[in-house]
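For reference, query.cif is printed below; it contains mmCIF, C-alpha atoms.
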```
data_my_file
#
loop_
_atom_site.group_PDB
_atom_site.id
_atom_site.type_symbol
_atom_site.label_atom_id
_atom_site.label_comp_id
_atom_site.auth_asym_id
_atom_site.auth_seq_id
_atom_site.Cartn_x
_atom_site.Cartn_y
_atom_site.Cartn_z
ATOM 1 C CA HIS A 1 18.070 -10.679 9.690
ATOM 2 C CA LYS A 2 18.891 -12.746 12.747
ATOM 3 C CA THR A 3 20.424 -15.543 10.689
ATOM 4 C CA VAL A 4 22.708 -13.108 8.860
ATOM 5 C CA ASP A 5 23.752 -11.448 12.104
ATOM 6 C CA GLN A 6 24.528 -14.741 13.833
ATOM 7 C CA GLY A 7 25.756 -16.628 10.768
ATOM 8 C CA VAL A 8 23.328 -19.511 11.152
ATOM 9 C CA VAL A 9 20.748 -21.214 8.934
ATOM 10 C CA SER A 10 17.089 -20.320 9.427
ATOM 11 C CA SER A 11 15.427 -22.813 11.722
ATOM 12 C CA GLN A 12 11.792 -23.774 11.984
ATOM 13 C CA ARG A 13 11.660 -21.994 15.336
ATOM 14 C CA CYS A 14 13.007 -18.811 13.755
ATOM 15 C CA LEU A 15 10.398 -18.938 11.006
ATOM 16 C CA LEU A 16 7.689 -19.509 13.598
ATOM 17 C CA GLU A 17 8.870 -16.431 15.497
ATOM 18 C CA ILE A 18 8.537 -14.385 12.319
ATOM 19 C CA LEU A 19 4.970 -15.579 11.773
ATOM 20 C CA ARG A 20 4.102 -14.759 15.387
ATOM 21 C CA THR A 21 5.552 -11.280 14.894
ATOM 22 C CA PHE A 22 3.138 -10.761 11.988
ATOM 23 C CA GLU A 23 0.290 -12.131 14.094
ATOM 24 C CA ARG A 24 1.001 -9.782 17.011
ATOM 25 C CA ALA A 25 1.316 -6.807 14.657
ATOM 26 C CA HIS A 26 -2.055 -7.685 13.122
ATOM 27 C CA GLN A 27 -3.749 -7.977 16.526
ATOM 28 C CA VAL A 28 -2.363 -4.698 17.861
ATOM 29 C CA THR A 29 -3.051 -2.753 14.666
ATOM 30 C CA TYR A 30 -6.621 -3.861 14.067
ATOM 31 C CA SER A 31 -7.608 -3.355 17.681
ATOM 32 C CA GLN A 32 -7.923 0.226 16.398
ATOM 33 C CA SER A 33 -10.277 -0.690 13.540
ATOM 34 C CA SER A 34 -12.957 1.879 14.400
ATOM 35 C CA LYS A 35 -10.434 4.734 14.414
ATOM 36 C CA ILE A 36 -8.855 3.478 11.190
ATOM 37 C CA ALA A 37 -12.332 3.519 9.658
ATOM 38 C CA THR A 38 -12.812 7.122 10.815
ATOM 39 C CA LEU A 39 -9.562 8.178 9.167
ATOM 40 C CA THR A 40 -10.470 6.309 5.980
ATOM 41 C CA LYS A 41 -13.814 8.106 5.843
ATOM 42 C CA GLN A 42 -12.148 11.493 6.280
ATOM 43 C CA VAL A 43 -9.623 10.796 3.526
ATOM 44 C CA GLY A 44 -12.466 9.718 1.253
ATOM 45 C CA ILE A 45 -14.322 12.978 1.901
ATOM 46 C CA SER A 46 -11.229 15.006 0.975
ATOM 47 C CA LEU A 47 -10.738 13.109 -2.273
ATOM 48 C CA GLU A 48 -14.447 13.347 -3.181
ATOM 49 C CA LYS A 49 -14.219 17.130 -2.774
ATOM 50 C CA LYS A 50 -11.125 17.224 -5.027
ATOM 51 C CA GLY A 51 -8.900 17.882 -2.043
ATOM 52 C CA HIS A 52 -5.541 16.291 -1.318
ATOM 53 C CA VAL A 53 -4.153 13.914 1.294
ATOM 54 C CA HIS A 54 -0.691 14.583 2.691
ATOM 55 C CA LEU A 55 1.069 11.859 4.676
ATOM 56 C CA VAL A 56 3.736 13.458 6.847
ATOM 57 C CA GLY A 57 6.052 10.914 8.462
ATOM 58 C CA TRP A 58 9.156 10.730 10.609
ATOM 59 C CA GLN A 59 12.084 8.334 10.147
ATOM 60 C CA THR A 60 11.277 5.117 8.257
ATOM 61 C CA LEU A 61 7.549 5.762 8.685
ATOM 62 C CA GLY A 62 8.021 8.749 6.382
ATOM 63 C CA ILE A 63 9.516 6.457 3.751
ATOM 64 C CA ILE A 64 6.479 4.199 4.013
ATOM 65 C CA ALA A 65 4.262 7.283 3.576
ATOM 66 C CA ILE A 66 6.130 8.151 0.372
ATOM 67 C CA MET A 67 5.784 4.570 -0.870
ATOM 68 C CA ASP A 68 2.048 4.560 -0.230
ATOM 69 C CA GLY A 69 1.505 7.763 -2.172
ATOM 70 C CA VAL A 70 3.598 6.588 -5.115
ATOM 71 C CA GLU A 71 1.743 3.263 -5.294
ATOM 72 C CA CYS A 72 -1.566 5.092 -5.802
ATOM 73 C CA ILE A 73 -0.297 6.585 -9.063
ATOM 74 C CA HIS A 74 0.324 3.245 -10.756
ATOM 75 C CA THR A 75 -2.357 1.188 -8.993
ATOM 76 C CA PHE A 76 -5.311 3.564 -9.279
ATOM 77 C CA GLY A 77 -4.176 6.066 -11.918
ATOM 78 C CA ALA A 78 -4.175 8.799 -9.272
ATOM 79 C CA ASP A 79 -2.541 12.158 -9.749
ATOM 80 C CA PHE A 80 0.622 12.437 -7.663
ATOM 81 C CA ARG A 81 -0.995 15.293 -5.720
ATOM 82 C CA ASP A 82 -3.986 13.186 -4.592
ATOM 83 C CA ILE A 83 -2.145 11.195 -1.930
ATOM 84 C CA ARG A 84 1.410 12.293 -1.303
ATOM 85 C CA GLY A 85 4.019 11.304 1.273
ATOM 86 C CA PHE A 86 6.700 13.441 2.899
ATOM 87 C CA LEU A 87 9.721 12.549 5.023
ATOM 88 C CA ILE A 88 10.262 15.031 7.843
ATOM 89 C CA GLY A 89 13.701 16.007 9.121
ATOM 90 C CA ASP A 90 17.171 16.183 7.617
ATOM 91 C CA HIS A 91 17.765 12.927 5.776
ATOM 92 C CA ASN A 92 20.365 13.878 3.197
ATOM 93 C CA ASP A 93 22.410 10.860 4.247
ATOM 94 C CA MET A 94 19.484 8.617 3.326
ATOM 95 C CA PHE A 95 19.001 10.007 -0.166
ATOM 96 C CA ASN A 96 22.332 10.794 -1.763
ATOM 97 C CA GLN A 97 20.645 11.572 -5.067
ATOM 98 C CA LYS A 98 17.845 13.750 -3.693
ATOM 99 C CA ASP A 99 18.810 16.787 -5.778
ATOM 100 C CA GLU A 100 18.824 14.698 -8.940
ATOM 101 C CA LEU A 101 15.356 13.361 -8.095
ATOM 102 C CA SER A 102 13.796 16.739 -7.302
ATOM 103 C CA ASN A 103 15.127 18.178 -10.553
ATOM 104 C CA GLN A 104 12.932 15.703 -12.455
ATOM 105 C CA GLY A 105 9.748 17.459 -11.382
ATOM 106 C CA PRO A 106 7.402 18.153 -8.447
ATOM 107 C CA GLN A 107 6.304 14.507 -8.282
ATOM 108 C CA PHE A 108 9.803 13.699 -7.023
ATOM 109 C CA THR A 109 9.752 16.171 -4.125
ATOM 110 C CA PHE A 110 9.222 14.612 -0.699
ATOM 111 C CA SER A 111 11.304 16.482 1.901
ATOM 112 C CA GLN A 112 10.200 18.655 4.810
ATOM 113 C CA ASP A 113 11.243 21.766 2.865
ATOM 114 C CA ASP A 114 9.142 20.582 -0.072
ATOM 115 C CA PHE A 115 6.114 20.236 2.196
ATOM 116 C CA LEU A 116 6.649 23.674 3.728
ATOM 117 C CA THR A 117 7.131 25.460 0.406
ATOM 118 C CA SER A 118 4.858 23.620 -2.039
ATOM 119 C CA VAL A 119 2.022 22.294 0.152
ATOM 120 C CA LEU A 120 1.571 24.288 3.348
ATOM 121 C CA PRO A 121 0.933 27.710 1.707
ATOM 122 C CA SER A 122 -1.945 26.331 -0.393
ATOM 123 C CA LEU A 123 -3.438 23.990 2.224
ATOM 124 C CA THR A 124 -7.238 24.232 2.585
ATOM 125 C CA GLU A 125 -9.967 22.792 4.784
ATOM 126 C CA ILE A 126 -10.845 20.135 2.203
ATOM 127 C CA ASP A 127 -7.330 18.682 2.408
ATOM 128 C CA THR A 128 -6.335 16.070 4.977
ATOM 129 C CA VAL A 129 -2.909 15.997 6.635
ATOM 130 C CA VAL A 130 -1.921 12.801 8.457
ATOM 131 C CA PHE A 131 1.012 12.935 10.865
ATOM 132 C CA ILE A 132 2.804 9.597 11.309
ATOM 133 C CA PHE A 133 5.312 9.305 14.132
ATOM 134 C CA THR A 134 6.369 7.456 17.266
ATOM 135 C CA LEU A 135 6.774 8.797 20.794
ATOM 136 C CA ASP A 136 10.508 8.163 20.410
ATOM 137 C CA ASP A 137 10.703 10.864 17.717
ATOM 138 C CA ASN A 138 11.388 14.551 18.291
ATOM 139 C CA LEU A 139 7.991 15.548 19.684
ATOM 140 C CA ALA A 140 8.889 19.239 19.822
ATOM 141 C CA GLU A 141 9.468 19.066 16.069
ATOM 142 C CA VAL A 142 6.164 17.237 15.577
ATOM 143 C CA GLN A 143 4.295 19.847 17.621
ATOM 144 C CA ALA A 144 5.905 22.798 15.830
ATOM 145 C CA LEU A 145 4.887 21.460 12.420
ATOM 146 C CA ALA A 146 1.402 20.493 13.622
ATOM 147 C CA GLU A 147 0.842 24.030 14.903
ATOM 148 C CA ARG A 148 1.809 25.450 11.501
ATOM 149 C CA VAL A 149 -0.600 23.085 9.749
ATOM 150 C CA ARG A 150 -3.404 23.985 12.177
ATOM 151 C CA GLU A 151 -3.015 27.637 11.187
ATOM 152 C CA LYS A 152 -4.122 26.626 7.686
ATOM 153 C CA SER A 153 -6.553 23.779 8.352
ATOM 154 C CA TRP A 154 -8.265 21.975 11.223
ATOM 155 C CA ASN A 155 -8.372 18.771 9.214
ATOM 156 C CA ILE A 156 -5.280 17.212 10.753
ATOM 157 C CA GLN A 157 -5.066 13.586 11.853
ATOM 158 C CA ALA A 158 -2.365 11.433 13.445
ATOM 159 C CA LEU A 159 -1.135 7.847 13.507
ATOM 160 C CA VAL A 160 1.042 7.483 16.598
ATOM 161 C CA HIS A 161 3.083 4.497 17.773
ATOM 162 C CA SER A 162 4.107 4.156 21.410
ATOM 163 C CA THR A 163 5.362 1.560 23.862
ATOM 164 C CA VAL A 164 3.561 0.594 27.070
ATOM 165 C CA GLY A 165 4.296 3.302 29.642
ATOM 166 C CA GLN A 166 4.651 6.134 27.132
ATOM 167 C CA SER A 167 2.010 8.839 26.745
ATOM 168 C CA LEU A 168 1.439 11.617 24.249
ATOM 169 C CA PRO A 169 1.985 15.081 25.816
ATOM 170 C CA ALA A 170 -1.315 16.916 26.279
ATOM 171 C CA PRO A 171 -0.314 20.049 24.284
ATOM 172 C CA LEU A 172 0.503 17.843 21.283
ATOM 173 C CA LYS A 173 -2.512 15.585 21.669
ATOM 174 C CA LYS A 174 -4.976 18.481 21.591
ATOM 175 C CA LEU A 175 -3.713 19.510 18.139
ATOM 176 C CA PHE A 176 -5.239 16.396 16.553
ATOM 177 C CA PRO A 177 -9.052 16.173 16.386
ATOM 178 C CA SER A 178 -8.690 12.504 15.432
ATOM 179 C CA LEU A 179 -5.906 10.229 16.618
ATOM 180 C CA ILE A 180 -4.998 6.578 16.057
ATOM 181 C CA SER A 181 -2.781 5.541 18.958
ATOM 182 C CA ILE A 182 -1.143 2.128 18.611
ATOM 183 C CA THR A 183 0.590 0.882 21.753
ATOM 184 C CA TRP A 184 3.150 -1.918 21.571
ATOM 185 C CA PRO A 185 4.219 -4.217 24.429
ATOM 186 C CA LEU A 186 7.665 -3.931 25.960
ATOM 187 C CA LEU A 187 10.345 -6.190 24.510
ATOM 188 C CA PHE A 188 13.162 -7.028 26.910
ATOM 189 C CA PHE A 189 15.916 -8.117 24.539
ATOM 190 C CA ASP A 190 18.063 -5.331 23.156
ATOM 191 C CA TYR A 191 19.025 -6.106 19.569
ATOM 192 C CA GLU A 192 16.108 -8.367 18.655
ATOM 193 C CA GLY A 193 13.617 -6.254 20.590
ATOM 194 C CA SER A 194 14.638 -3.057 18.836
ATOM 195 C CA TYR A 195 14.541 -4.692 15.407
ATOM 196 C CA VAL A 196 11.211 -6.458 15.976
ATOM 197 C CA GLN A 197 9.514 -3.363 17.352
ATOM 198 C CA LYS A 198 10.707 -1.211 14.453
ATOM 199 C CA PHE A 199 9.517 -3.840 11.986
ATOM 200 C CA GLN A 200 6.097 -4.088 13.659
ATOM 201 C CA ARG A 201 5.608 -0.315 13.607
ATOM 202 C CA GLU A 202 6.523 -0.144 9.928
ATOM 203 C CA LEU A 203 4.276 -3.069 9.016
ATOM 204 C CA SER A 204 1.401 -1.637 11.046
ATOM 205 C CA THR A 205 1.775 1.748 9.370
ATOM 206 C CA LYS A 206 1.763 0.157 5.926
ATOM 207 C CA TRP A 207 -1.429 -1.754 6.719
ATOM 208 C CA VAL A 208 -3.182 1.380 7.968
ATOM 209 C CA LEU A 209 -2.103 3.465 4.982
ATOM 210 C CA ASN A 210 -3.107 0.711 2.550
ATOM 211 C CA THR A 211 -6.586 0.743 4.095
ATOM 212 C CA VAL A 212 -6.806 4.514 3.915
ATOM 213 C CA SER A 213 -5.538 4.921 0.350
ATOM 214 C CA THR A 214 -7.561 2.122 -1.218
#
```
Since I need it in another form, could you write the structure as structure tokens?
Amino acid sequence: HKTVDQGVVSSQRCLLEILRTFERAHQVTYSQSSKIATLTKQVGISLEKKGHVHLVGWQTLGIIAIMDGVECIHTFGADFRDIRGFLIGDHNDMFNQKDELSNQGPQFTFSQDDFLTSVLPSLTEIDTVVFIFTLDDNLAEVQALAERVREKSWNIQALVHSTVGQSLPAPLKKLFPSLISITWPLLFFDYEGSYVQKFQRELSTKWVLNTVST
């Protein structure tokens, strides 16, 4: 990405930076191994009881949630309802063919409205709902949806990304009986810092969800 932006050839130093980015993401993510294991156990209990797992994500983390659910269908022969991802918020600009997709059947529904109309009304205690967001997202929106889910089930978990110095508001934190909080160091360079941090959060989320779904 940097080489395209600056119009230069990839250097050995650039490639080394990329590898170090992966290394840092690995260290930060798996410092939460015990909590990841707890979430994995809970998801396993839901699936053993013929319940469902709903991955509810914001921004690009929601896209990764959708990807993880879809992969389970082809990799493990899972039903699309077993582990299912949803992208929260208005993202019509991201999916210009959303209507065409949803018309192909319920397995192609992934929006916030789809979650509210097709999942929330039938949610039970044997289902698991995992919220995936960062502290840069609209936390009032996160809290409002979490409160609606809690009315149906107490089995609600969260994977939260933050930067050093940020903290999860107490009213929101108390809604999640189990919480994986991944804190990233500050990066002091604007363009590269923003890109690297976004990449690390996405990669970290994918690793956690891969662990949970497999």
message = Which residues are close to A:Val129, i.e. within 7 Å by all atoms listed in the file, leaving aside same-chain residues fewer than 3 positions away? Reply as an NGL selection string.
response = :A and (53-55 or 155-157)
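The smallest atom-to-atom distance between A:Leu175 and any of A:His161, A:His26, A:Arg148, A:Arg201, using only C-alpha atoms, is found for A:Arg148.
Evaluated against the shown file, the PyMOL selection byres ((chain A and resi 51) around 10) gives Val43, Gly44, Ile45, Ser46, Leu47, Glu48, Lys49, Lys50, His52, Val53, Arg81, Asp82, Ile83, Leu123, Thr124, Glu125, Ile126, Asp127 and Thr128 of chain A.
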Written selection (C-alpha atoms) as a PDB file, keeping the file's coordinate frame:
```pdb
ATOM      1  CA  VAL A  43      -9.623  10.796   3.526  1.00  0.00           C
ATOM      2  CA  GLY A  44     -12.466   9.718   1.253  1.00  0.00           C
ATOM      3  CA  ILE A  45     -14.322  12.978   1.901  1.00  0.00           C
ATOM      4  CA  SER A  46     -11.229  15.006   0.975  1.00  0.00           C
ATOM      5  CA  LEU A  47     -10.738  13.109  -2.273  1.00  0.00           C
ATOM      6  CA  GLU A  48     -14.447  13.347  -3.181  1.00  0.00           C
ATOM      7  CA  LYS A  49     -14.219  17.130  -2.774  1.00  0.00           C
ATOM      8  CA  LYS A  50     -11.125  17.224  -5.027  1.00  0.00           C
ATOM      9  CA  HIS A  52      -5.541  16.291  -1.318  1.00  0.00           C
ATOM     10  CA  VAL A  53      -4.153  13.914   1.294  1.00  0.00           C
ATOM     11  CA  ARG A  81      -0.995  15.293  -5.720  1.00  0.00           C
ATOM     12  CA  ASP A  82      -3.986  13.186  -4.592  1.00  0.00           C
ATOM     13  CA  ILE A  83      -2.145  11.195  -1.930  1.00  0.00           C
ATOM     14  CA  LEU A 123      -3.438  23.990   2.224  1.00  0.00           C
ATOM     15  CA  THR A 124      -7.238  24.232   2.585  1.00  0.00           C
ATOM     16  CA  GLU A 125      -9.967  22.792   4.784  1.00  0.00           C
ATOM     17  CA  ILE A 126     -10.845  20.135   2.203  1.00  0.00           C
ATOM     18  CA  ASP A 127      -7.330  18.682   2.408  1.00  0.00           C
ATOM     19  CA  THR A 128      -6.335  16.070   4.977  1.00  0.00           C
TER      20      THR A 128
END
```
Starting from the displayed file, determine the output of the PyMOL selection byres ((chain A and resi 184) around 10) and express the residue list as an mmCIF file with C-alpha atoms, in the frame of the given file.
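Dumped everything to part-v3.cif:
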```cif
data_model
loop_
_atom_site.group_PDB
_atom_site.id
_atom_site.type_symbol
_atom_site.label_atom_id
_atom_site.label_comp_id
_atom_site.auth_asym_id
_atom_site.auth_seq_id
_atom_site.Cartn_x
_atom_site.Cartn_y
_atom_site.Cartn_z
ATOM 1 C CA ARG A 24 1.001 -9.782 17.011
ATOM 2 C CA ALA A 25 1.316 -6.807 14.657
ATOM 3 C CA VAL A 28 -2.363 -4.698 17.861
ATOM 4 C CA THR A 29 -3.051 -2.753 14.666
ATOM 5 C CA HIS A 161 3.083 4.497 17.773
ATOM 6 C CA SER A 162 4.107 4.156 21.410
ATOM 7 C CA THR A 163 5.362 1.560 23.862
ATOM 8 C CA VAL A 164 3.561 0.594 27.070
ATOM 9 C CA GLY A 165 4.296 3.302 29.642
ATOM 10 C CA GLN A 166 4.651 6.134 27.132
ATOM 11 C CA SER A 181 -2.781 5.541 18.958
ATOM 12 C CA ILE A 182 -1.143 2.128 18.611
ATOM 13 C CA THR A 183 0.590 0.882 21.753
ATOM 14 C CA PRO A 185 4.219 -4.217 24.429
ATOM 15 C CA LEU A 186 7.665 -3.931 25.960
ATOM 16 C CA LEU A 187 10.345 -6.190 24.510
ATOM 17 C CA GLN A 197 9.514 -3.363 17.352
ATOM 18 C CA GLN A 200 6.097 -4.088 13.659
ATOM 19 C CA ARG A 201 5.608 -0.315 13.607
#
```
query = Counting all atoms listed in the file, what is within 12 Å of A:Pro121, bar same-chain residues fewer than 2 positions away, as a ChimeraX atom specification?
reply = /A:113-119,123-124,148-153
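Put simply, atom CA of A:Ala37 is 28.3 Å away from atom CA of A:Ala140.
Nearest residue to A:Val130, choosing from A:Phe86, A:Ser111, A:Trp207, A:Thr214 and counting only C-alpha atoms: A:Phe86.
The space separating atom CA of A:Lys206 from atom CA of A:Glu141 comes to 22.8 Å.
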note = atom CA of A:Asn210 sits from atom CA of A:Pro171 at a separation of 29.2 Å
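Shortest separation to A:Ser213 among A:Arg84, A:Ile63, A:Gly57, A:Leu16 occurs at residue A:Arg84, atoms counted being all atoms listed in the file.
Comparing the minimum interatomic distances between A:Leu172 and each of A:Asp136, A:Glu23, A:Glu17, A:Glu147, counting only C-alpha atoms, we find that A:Glu147 sits nearest.
Of the residues under consideration (A:Ser204, A:Thr40, A:Gln59, A:Ser178), A:Gln59 shows the shortest atom-to-atom contact distance to A:Val142 when counting all atoms listed in the file.
Nearest to A:Leu120 of all the residues A:Lys41, A:Ser34, A:Ala146, A:Ala65 is A:Ala146, based on all atoms listed in the file.
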Give me the residues within 9 Å of A:Leu168 as a short mmCIF file (atom, residue, chain, number, x, y, z; two decimals) with C-alpha atoms, keeping the file's coordinate frame, counting only C-alpha atoms and dropping any in the same chain fewer than 5 places off.
```cif
data_model
loop_
_atom_site.label_atom_id
_atom_site.label_comp_id
_atom_site.auth_asym_id
_atom_site.auth_seq_id
_atom_site.Cartn_x
_atom_site.Cartn_y
_atom_site.Cartn_z
CA LEU A 135 6.77 8.80 20.79
CA LEU A 139 7.99 15.55 19.68
CA VAL A 160 1.04 7.48 16.60
CA SER A 162 4.11 4.16 21.41
CA LYS A 173 -2.51 15.58 21.67
#
```
Please supply stretch 54-72 of chain A, rebuilt with N, CA, C and O atoms, as a PDB file, keeping the file's coordinate frame.
```pdb
ATOM      1  N   HIS A  54      -2.129  14.466   2.488  1.00  0.00           N
ATOM      2  CA  HIS A  54      -0.691  14.583   2.691  1.00  0.00           C
ATOM      3  C   HIS A  54      -0.281  13.723   3.888  1.00  0.00           C
ATOM      4  O   HIS A  54      -0.770  13.933   5.005  1.00  0.00           O
ATOM      5  N   LEU A  55       0.586  12.766   3.643  1.00  0.00           N
ATOM      6  CA  LEU A  55       1.069  11.859   4.676  1.00  0.00           C
ATOM      7  C   LEU A  55       2.444  12.334   5.129  1.00  0.00           C
ATOM      8  O   LEU A  55       3.404  12.275   4.378  1.00  0.00           O
ATOM      9  N   VAL A  56       2.518  12.824   6.346  1.00  0.00           N
ATOM     10  CA  VAL A  56       3.736  13.458   6.847  1.00  0.00           C
ATOM     11  C   VAL A  56       4.357  12.552   7.903  1.00  0.00           C
ATOM     12  O   VAL A  56       3.811  12.401   8.995  1.00  0.00           O
ATOM     13  N   GLY A  57       5.490  11.916   7.577  1.00  0.00           N
ATOM     14  CA  GLY A  57       6.052  10.914   8.462  1.00  0.00           C
ATOM     15  C   GLY A  57       7.479  11.184   8.903  1.00  0.00           C
ATOM     16  O   GLY A  57       8.241  11.853   8.218  1.00  0.00           O
ATOM     17  N   TRP A  58       7.807  10.615  10.048  1.00  0.00           N
ATOM     18  CA  TRP A  58       9.156  10.730  10.609  1.00  0.00           C
ATOM     19  C   TRP A  58       9.898   9.406  10.459  1.00  0.00           C
ATOM     20  O   TRP A  58       9.294   8.334  10.556  1.00  0.00           O
ATOM     21  N   GLN A  59      11.213   9.500  10.249  1.00  0.00           N
ATOM     22  CA  GLN A  59      12.084   8.334  10.147  1.00  0.00           C
ATOM     23  C   GLN A  59      11.579   7.372   9.047  1.00  0.00           C
ATOM     24  O   GLN A  59      11.106   7.815   8.017  1.00  0.00           O
ATOM     25  N   THR A  60      11.669   6.078   9.290  1.00  0.00           N
ATOM     26  CA  THR A  60      11.277   5.117   8.257  1.00  0.00           C
ATOM     27  C   THR A  60       9.772   5.143   7.985  1.00  0.00           C
ATOM     28  O   THR A  60       9.333   4.726   6.911  1.00  0.00           O
ATOM     29  N   LEU A  61       8.994   5.657   8.918  1.00  0.00           N
ATOM     30  CA  LEU A  61       7.549   5.762   8.685  1.00  0.00           C
ATOM     31  C   LEU A  61       7.259   6.797   7.598  1.00  0.00           C
ATOM     32  O   LEU A  61       6.260   6.701   6.887  1.00  0.00           O
ATOM     33  N   GLY A  62       8.151   7.785   7.467  1.00  0.00           N
ATOM     34  CA  GLY A  62       8.021   8.749   6.382  1.00  0.00           C
ATOM     35  C   GLY A  62       8.285   8.110   5.033  1.00  0.00           C
ATOM     36  O   GLY A  62       7.648   8.450   4.028  1.00  0.00           O
ATOM     37  N   ILE A  63       9.237   7.172   4.997  1.00  0.00           N
ATOM     38  CA  ILE A  63       9.516   6.457   3.751  1.00  0.00           C
ATOM     39  C   ILE A  63       8.312   5.625   3.339  1.00  0.00           C
ATOM     40  O   ILE A  63       7.940   5.566   2.161  1.00  0.00           O
ATOM     41  N   ILE A  64       7.672   4.993   4.307  1.00  0.00           N
ATOM     42  CA  ILE A  64       6.479   4.199   4.013  1.00  0.00           C
ATOM     43  C   ILE A  64       5.357   5.107   3.507  1.00  0.00           C
ATOM     44  O   ILE A  64       4.590   4.737   2.602  1.00  0.00           O
ATOM     45  N   ALA A  65       5.257   6.316   4.054  1.00  0.00           N
ATOM     46  CA  ALA A  65       4.262   7.283   3.576  1.00  0.00           C
ATOM     47  C   ALA A  65       4.516   7.632   2.112  1.00  0.00           C
ATOM     48  O   ALA A  65       3.582   7.697   1.308  1.00  0.00           O
ATOM     49  N   ILE A  66       5.779   7.853   1.763  1.00  0.00           N
ATOM     50  CA  ILE A  66       6.130   8.151   0.372  1.00  0.00           C
ATOM     51  C   ILE A  66       5.760   6.980  -0.529  1.00  0.00           C
ATOM     52  O   ILE A  66       5.171   7.152  -1.599  1.00  0.00           O
ATOM     53  N   MET A  67       6.092   5.771  -0.093  1.00  0.00           N
ATOM     54  CA  MET A  67       5.784   4.570  -0.870  1.00  0.00           C
ATOM     55  C   MET A  67       4.285   4.450  -1.121  1.00  0.00           C
ATOM     56  O   MET A  67       3.848   4.126  -2.226  1.00  0.00           O
ATOM     57  N   ASP A  68       3.498   4.717  -0.093  1.00  0.00           N
ATOM     58  CA  ASP A  68       2.048   4.560  -0.230  1.00  0.00           C
ATOM     59  C   ASP A  68       1.483   5.541  -1.246  1.00  0.00           C
ATOM     60  O   ASP A  68       0.637   5.182  -2.071  1.00  0.00           O
ATOM     61  N   GLY A  69       1.971   6.778  -1.203  1.00  0.00           N
ATOM     62  CA  GLY A  69       1.505   7.763  -2.172  1.00  0.00           C
ATOM     63  C   GLY A  69       1.884   7.402  -3.592  1.00  0.00           C
ATOM     64  O   GLY A  69       1.069   7.510  -4.518  1.00  0.00           O
ATOM     65  N   VAL A  70       3.121   6.951  -3.778  1.00  0.00           N
ATOM     66  CA  VAL A  70       3.598   6.588  -5.115  1.00  0.00           C
ATOM     67  C   VAL A  70       2.816   5.404  -5.681  1.00  0.00           C
ATOM     68  O   VAL A  70       2.487   5.369  -6.880  1.00  0.00           O
ATOM     69  N   GLU A  71       2.485   4.443  -4.836  1.00  0.00           N
ATOM     70  CA  GLU A  71       1.743   3.263  -5.294  1.00  0.00           C
ATOM     71  C   GLU A  71       0.380   3.630  -5.859  1.00  0.00           C
ATOM     72  O   GLU A  71      -0.126   2.965  -6.774  1.00  0.00           O
ATOM     73  N   CYS A  72      -0.233   4.695  -5.333  1.00  0.00           N
ATOM     74  CA  CYS A  72      -1.566   5.092  -5.802  1.00  0.00           C
ATOM     75  C   CYS A  72      -1.547   5.553  -7.253  1.00  0.00           C
ATOM     76  O   CYS A  72      -2.542   5.426  -7.961  1.00  0.00           O
TER      77      CYS A  72
END
```
